[in-house]
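Visitor: The following block contains the structure, expressed as structure tokens.
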Amino acid sequence: MKGLWRTCALTCLAFAVTGCVTSTVDEMVFNEPTEGIGEASVVILGRRHASDYDTEPEFIRCVGNYIQARDDSVTVIGELEFLNSLYPWFEPRTAPLRPVDLEKLLEHKPVMDKAAELKIEYMIWIDGNTVRTDAAGSLACAIGPGGGGCFGFNTWSNDANYEATIWDFTDRAEVGRMNTTATGQSYMPALVVPIPIIAPVQGTACDSLAEQLLAYLSSEY
């Protein structure tokens, strides 16, 4: 099965009260849909099989909310709603890691019946996280008879890396992958009052990945 890689251009988002964020998105699509998903639905889940990190639930919610807000014809099933409906089949120890595992899982009638009720067309797994790195500087605060304050300067980086894998739930096949990375530098200077200048790294990664997923799912793109 032949796929096509597409890479979005690097962008740097800089504002007066936030740090600078650089992001990029890579996309590999095997089968592009010819129209939107109609009355079917999509579920977006976080991979949580790694021993050293979990894909953040807030990132999964962010991606789903972004898609739903920009095209209300796309029905996004909430992660928690889906997990509760199909407990315990999609818990980390039992969730399918490959489309072939999904085929085996759907041999269980309760799973197949619930999936049919939810009208799932696509299942999107998102794997990754945002980490804080390269912290430097120092900040000290004190309170005295004449008042108090903080003095110093802190800086740190945040790196985000997420990959979305799209499964066609009907055909039990992987139909595309999308990867987004984002890096940003945050600062906190303090001259009496600390002033955080935060780089919205995770939010930028969410918007970048969700926009690519929306272009795949939406009938309006």
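Quick note on naming: the chains in the structure tokens go A, B, ... in the order shown, residues restart at 1 in each chain, and ligands are numbered from 1 in order of appearance.
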Name the residues in contact with stretch 124-130 of chain A at a cut-off of 9 Å, using only C-alpha atoms, excluding same-chain residues fewer than 2 positions from it; report them as an mmCIF file with C-alpha atoms, in the first residue's frame.

Guide:
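Done, and the output landed in selection38.cif:
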data_model
loop_
_atom_site.group_PDB
_atom_site.id
_atom_site.type_symbol
_atom_site.label_atom_id
_atom_site.label_comp_id
_atom_site.auth_asym_id
_atom_site.auth_seq_id
_atom_site.Cartn_x
_atom_site.Cartn_y
_atom_site.Cartn_z
ATOM 1 C CA VAL A 42 -14.801 9.372 14.935
ATOM 2 C CA VAL A 43 -13.207 8.525 18.259
ATOM 3 C CA ILE A 44 -9.847 9.986 19.312
ATOM 4 C CA LEU A 45 -7.886 8.048 21.933
ATOM 5 C CA GLY A 46 -4.547 8.545 23.651
ATOM 6 C CA ARG A 47 -1.943 5.796 23.670
ATOM 7 C CA ARG A 48 -0.944 5.012 27.247
ATOM 8 C CA TYR A 53 4.848 8.687 29.997
ATOM 9 C CA ASP A 54 1.145 8.928 29.176
ATOM 10 C CA THR A 55 -0.383 10.834 26.306
ATOM 11 C CA GLU A 56 -2.123 13.673 28.139
ATOM 12 C CA PHE A 59 -4.326 17.044 24.602
ATOM 13 C CA ILE A 60 -6.826 14.460 23.322
ATOM 14 C CA TYR A 122 -12.544 6.160 12.134
ATOM 15 C CA ARG A 132 9.996 20.501 29.869
ATOM 16 C CA ASN A 158 9.105 22.773 26.140
ATOM 17 C CA ASP A 159 9.171 20.107 23.426
ATOM 18 C CA ALA A 160 6.018 18.478 22.083
ATOM 19 C CA ASN A 161 5.931 15.429 19.829
ATOM 20 C CA TYR A 162 2.677 13.679 18.884
ATOM 21 C CA GLU A 163 1.750 11.135 16.237
ATOM 22 C CA ALA A 164 -1.811 10.378 15.136
ATOM 23 C CA THR A 165 -2.552 7.012 13.511
ATOM 24 C CA ILE A 166 -5.867 6.793 11.646
ATOM 25 C CA TRP A 167 -7.664 3.457 11.503
ATOM 26 C CA ASP A 168 -10.615 2.832 9.210
ATOM 27 C CA ALA A 182 6.566 21.903 18.454
ATOM 28 C CA VAL A 201 3.781 24.642 22.916
ATOM 29 C CA GLN A 202 1.131 22.017 23.631
#

Visitor: So which one's closest to A:Leu106, A:Tyr66, A:Arg172, A:Ser85, A:Ala136? Using only C-alpha atoms, please.

Guide: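 Of the candidates, the smallest distance to A:Leu106 is held by A:Arg172.
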
Visitor: Interatomic distance between atom CA of A:Pro99 and atom CA of A:Glu117?

Guide: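 These atoms are spaced 20.0 Å apart.
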
Visitor: So how many Å separate atom CA of A:Gly176 and atom CA of A:Ala95, to one decimal?

Guide: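 Between atom CA of A:Gly176 and atom CA of A:Ala95 the gap works out to 19.2 Å.
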
Visitor: Work out how far atom CA of A:Met123 is from atom CA of A:Thr75, in Å to one decimal.

Guide: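 Distance between the two atoms: 12.0 Å.
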
Visitor: Report as a PyMOL selection string: the residues of stretch 89-125 of chain A with a DSSP assignment of helix (DSSP H, G or I), based on the backbone of this structure.

Guide: chain A and resi 99-105+109-118

Visitor: List every residue of stretch 18-211 of chain A that DSSP, applied to the backbone of this structure, places in strand (DSSP E or B), and write the result as a compact mmCIF listing (two decimals) with C-alpha atoms, in the first residue's frame.

Guide:
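To be explicit, this is the file written out as part-v4.txt:
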# COMPACT_ATOMS: atom_id res chain seq x y z
CA THR A 18 3.92 34.60 25.09
CA GLY A 19 7.09 32.88 24.07
CA CYS A 20 7.97 31.83 20.55
CA VAL A 21 6.83 28.42 19.27
CA THR A 22 8.12 26.62 16.18
CA SER A 23 6.05 23.74 14.83
CA THR A 24 5.87 21.37 11.88
CA VAL A 25 3.50 18.63 10.75
CA ASP A 26 4.29 15.55 8.65
CA GLU A 27 1.50 13.61 7.01
CA MET A 28 1.40 10.19 5.36
CA VAL A 29 -1.96 9.21 3.89
CA SER A 41 -18.46 9.28 14.00
CA VAL A 42 -14.80 9.37 14.94
CA VAL A 43 -13.21 8.52 18.26
CA ILE A 44 -9.85 9.99 19.31
CA LEU A 45 -7.89 8.05 21.93
CA GLY A 46 -4.55 8.55 23.65
CA THR A 75 -19.20 13.80 15.33
CA VAL A 76 -16.33 13.27 17.77
CA ILE A 77 -16.97 10.78 20.56
CA ILE A 120 -17.69 4.60 14.40
CA GLU A 121 -16.05 5.23 11.03
CA TYR A 122 -12.54 6.16 12.13
CA MET A 123 -10.50 5.47 15.25
CA ILE A 124 -7.57 7.83 15.78
CA TRP A 125 -4.79 6.89 18.19
CA ILE A 126 -2.56 9.74 19.38
CA ASP A 127 0.79 8.89 20.93
CA GLY A 128 3.22 11.39 22.46
CA ASN A 129 3.62 14.05 25.12
CA THR A 130 5.03 17.47 25.97
CA VAL A 131 8.15 17.67 28.15
CA ARG A 132 10.00 20.50 29.87
CA THR A 133 13.71 20.72 29.14
CA ASP A 134 16.75 23.00 29.42
CA ALA A 135 15.75 24.99 32.49
CA ALA A 136 18.19 27.73 33.50
CA GLY A 137 18.42 30.82 35.70
CA SER A 138 17.34 31.51 39.24
CA LEU A 139 14.55 33.32 41.02
CA ALA A 140 14.43 34.40 44.65
CA CYS A 141 11.57 35.89 46.63
CA ALA A 142 11.69 37.52 50.05
CA ILE A 143 9.42 39.39 52.47
CA GLY A 144 10.74 42.15 54.71
CA GLY A 147 7.25 44.64 51.78
CA GLY A 148 8.37 41.81 49.56
CA GLY A 149 9.25 40.92 46.04
CA CYS A 150 10.99 38.54 43.69
CA PHE A 151 14.19 39.05 41.74
CA GLY A 152 15.87 37.00 39.06
CA PHE A 153 15.28 35.39 35.70
CA ASN A 154 14.18 31.86 34.71
CA THR A 155 13.99 30.31 31.27
CA TRP A 156 13.04 26.85 30.05
CA SER A 157 12.07 24.98 26.90
CA ASN A 158 9.10 22.77 26.14
CA ASP A 159 9.17 20.11 23.43
CA ALA A 160 6.02 18.48 22.08
CA ASN A 161 5.93 15.43 19.83
CA TYR A 162 2.68 13.68 18.88
CA GLU A 163 1.75 11.14 16.24
CA ALA A 164 -1.81 10.38 15.14
CA THR A 165 -2.55 7.01 13.51
CA ILE A 166 -5.87 6.79 11.65
CA TRP A 167 -7.66 3.46 11.50
CA ASP A 168 -10.62 2.83 9.21
CA ALA A 173 -7.02 -0.97 8.22
CA GLU A 174 -4.56 1.85 8.89
CA VAL A 175 -5.21 4.64 6.39
CA GLY A 176 -2.86 7.41 7.48
CA ARG A 177 -0.37 8.85 9.94
CA MET A 178 0.27 12.43 10.98
CA ASN A 179 3.06 13.73 13.19
CA THR A 180 3.46 17.14 14.76
CA THR A 181 6.38 18.57 16.68
CA ALA A 182 6.57 21.90 18.45
CA THR A 183 9.26 23.59 20.50
CA GLY A 184 9.16 26.80 22.45
CA GLN A 185 11.10 28.90 24.91
CA SER A 186 9.40 30.35 27.98
CA TYR A 187 10.71 33.07 30.31
CA MET A 188 9.99 34.44 33.75
CA PRO A 189 11.77 37.70 34.53
CA ALA A 190 11.13 39.14 37.98
CA LEU A 191 11.80 42.63 39.24
CA VAL A 192 9.58 42.67 42.35
CA VAL A 193 6.75 40.89 40.47
CA PRO A 194 7.37 37.74 38.37
CA ILE A 197 6.06 34.71 29.32
CA ILE A 198 4.83 31.24 28.43

Visitor: May I have the residues within 10 Å of A:Glu91 as a count of residues only, using only C-alpha atoms and disregarding those fewer than 5 positions away in the same chain?

Guide: 7
